[in-house]
Amino acid sequence: MEIFKRYPIGEVETVSRTFRVMQRITILSILCALITISAVAIYAMWQTEEKYDRIYVLDEGHSIWMTRRESALEDRPLEAKAHLRLFHEMFFTLSPNSESWDEALKRSLEMGGESVRTLYEDLKESRFYERLHDTGAIQRIIVDSIQLLERSYPIQATTFSRQIIERESVTESRLLITECVLSQCPRTYSNPHGFLVNRFRITKNSALERKHK
């Protein structure tokens, strides 16, 4: 009974009550911390899934739109056509501005395989680019249609285009038909669609029209 003489019953009850309150506060704080950590972890996981679930598609070389991975898998033929359209524009559009010309060719080479580089080297060796540059000609490409054999892999593709060559006194239009196969590859900044142009070849390049200015 000595303890009750030293510490009155009221003070003991107060200390006991205070201890229980502190104990509850501590438990509640721990629970809140655990809930917060769990919520942050779940949110981070969700953000990561969202990030990898989004795919950015370059539409005809002009704008970028976002889609989800599920719909993107369904839209791979659309991406394949966008890839081919962009590749042709980069490879066949040539201007007197050598800096933009070189940048476009560099990007097109990153979108294709060995066959694309071989064609580039052959055109370069035949002085095709040099002659265009010396005459101040501007060459651009208009892709009219793209046919895909979607059930095959690699995807077989045929591209129908018009090649417009503008010189100082004359404008020439040519029919350009190319064939290739498309293999899937990792997406990069230079290759946003995740395709690689392989076995690329020009099957037809014939004159359509010639106009004098």
# chains A, B, ... in the order shown; residues from 1 in each chain; ligands from 1
>>> residues_around(residues="segment 159-172 of chain A", least_positions_apart="6", cutoff="6 Å", atoms="only C-alpha atoms", output="PDB file with C-alpha atoms, in the first residue's frame")
ATOM      1  CA  ALA A 137      15.768  20.359-107.741  1.00  0.00           C
ATOM      2  CA  ILE A 138      13.162  19.687-105.065  1.00  0.00           C
ATOM      3  CA  GLN A 139      11.796  16.178-104.793  1.00  0.00           C
ATOM      4  CA  ARG A 140       8.752  15.270-102.719  1.00  0.00           C
ATOM      5  CA  ILE A 141       6.610  12.192-102.391  1.00  0.00           C
ATOM      6  CA  ILE A 142       2.844  11.785-102.177  1.00  0.00           C
ATOM      7  CA  VAL A 143       1.799   8.396-100.821  1.00  0.00           C
ATOM      8  CA  ASP A 144      -1.520   7.475-102.417  1.00  0.00           C
ATOM      9  CA  SER A 145      -2.196   4.041-100.939  1.00  0.00           C
ATOM     10  CA  ILE A 146      -0.588   1.201 -99.000  1.00  0.00           C
ATOM     11  CA  THR A 178       7.781  -0.098-103.706  1.00  0.00           C
ATOM     12  CA  GLU A 209       3.510  13.836-116.487  1.00  0.00           C
ATOM     13  CA  ARG A 210       5.933  16.576-117.403  1.00  0.00           C
ATOM     14  CA  LYS A 211       4.944  20.257-117.221  1.00  0.00           C
ATOM     15  CA  HIS A 212       6.977  23.237-118.303  1.00  0.00           C
ATOM     16  CA  LYS A 213       6.702  26.338-116.151  1.00  0.00           C
TER      17      LYS A 213
END
>>> closest_atom_pairs(of="segment 103-139 of chain A", to="segment 72-87 of chain A", cutoff="12 Å", atoms="only C-alpha atoms", output="JSON lines")
{"residue": "A:Ala104", "atom": "CA", "partner": "A:Phe87", "partner_atom": "CA", "distance": 9.2}
{"residue": "A:Leu105", "atom": "CA", "partner": "A:Phe87", "partner_atom": "CA", "distance": 9.3}
{"residue": "A:Lys106", "atom": "CA", "partner": "A:Phe87", "partner_atom": "CA", "distance": 10.7}
{"residue": "A:Arg107", "atom": "CA", "partner": "A:Phe87", "partner_atom": "CA", "distance": 8.2}
{"residue": "A:Ser108", "atom": "CA", "partner": "A:Phe87", "partner_atom": "CA", "distance": 5.4}
{"residue": "A:Leu109", "atom": "CA", "partner": "A:Phe87", "partner_atom": "CA", "distance": 8.6}
{"residue": "A:Glu110", "atom": "CA", "partner": "A:Phe87", "partner_atom": "CA", "distance": 9.4}
{"residue": "A:Met111", "atom": "CA", "partner": "A:Phe87", "partner_atom": "CA", "distance": 6.7}
{"residue": "A:Gly112", "atom": "CA", "partner": "A:Phe87", "partner_atom": "CA", "distance": 8.1}
{"residue": "A:Gly113", "atom": "CA", "partner": "A:Phe87", "partner_atom": "CA", "distance": 11.8}
{"residue": "A:Val116", "atom": "CA", "partner": "A:Phe87", "partner_atom": "CA", "distance": 10.3}
>>> write_last_selection(atoms="C-alpha atoms", output="tab-separated table (two decimals), in the first residue's frame")
chain	number	residue	atom	x	y	z
A	104	ALA	CA	15.57	13.18	-93.03
A	105	LEU	CA	17.75	10.54	-94.70
A	106	LYS	CA	19.33	9.66	-91.38
A	107	ARG	CA	15.91	9.11	-89.80
A	108	SER	CA	14.74	7.00	-92.75
A	109	LEU	CA	17.82	4.77	-92.44
A	110	GLU	CA	16.97	4.18	-88.78
A	111	MET	CA	13.48	3.07	-89.85
A	112	GLY	CA	14.81	0.44	-92.25
A	113	GLY	CA	17.22	-2.44	-92.42
A	116	VAL	CA	17.32	0.41	-97.28
>>> atom_distance(atom1="atom CA of Ala157 of chain A", atom2="atom CA of Asn205 of chain A")
16.9 Å
>>> closest_residue(among="A:Leu175, A:Leu149, A:Leu123, A:Ile35", to="Ser206 of chain A", atoms="only C-alpha atoms")
A:Leu175
>>> atom_distance(atom1="atom CA of Thr188 of chain A", atom2="atom CA of Trp101 of chain A")
20.6 Å
>>> atom_distance(atom1="atom CA of Leu94 of chain A", atom2="atom CA of Arg187 of chain A")
25.4 Å
>>> closest_residue(among="A:Ser95, A:Gln156, A:Ser115, A:Thr203", to="Arg131 of chain A", atoms="only C-alpha atoms")
A:Ser95
>>> closest_residue(among="A:Leu196, A:Ile37, A:Leu148, A:Leu208", to="Arg174 of chain A", atoms="only C-alpha atoms")
A:Leu208
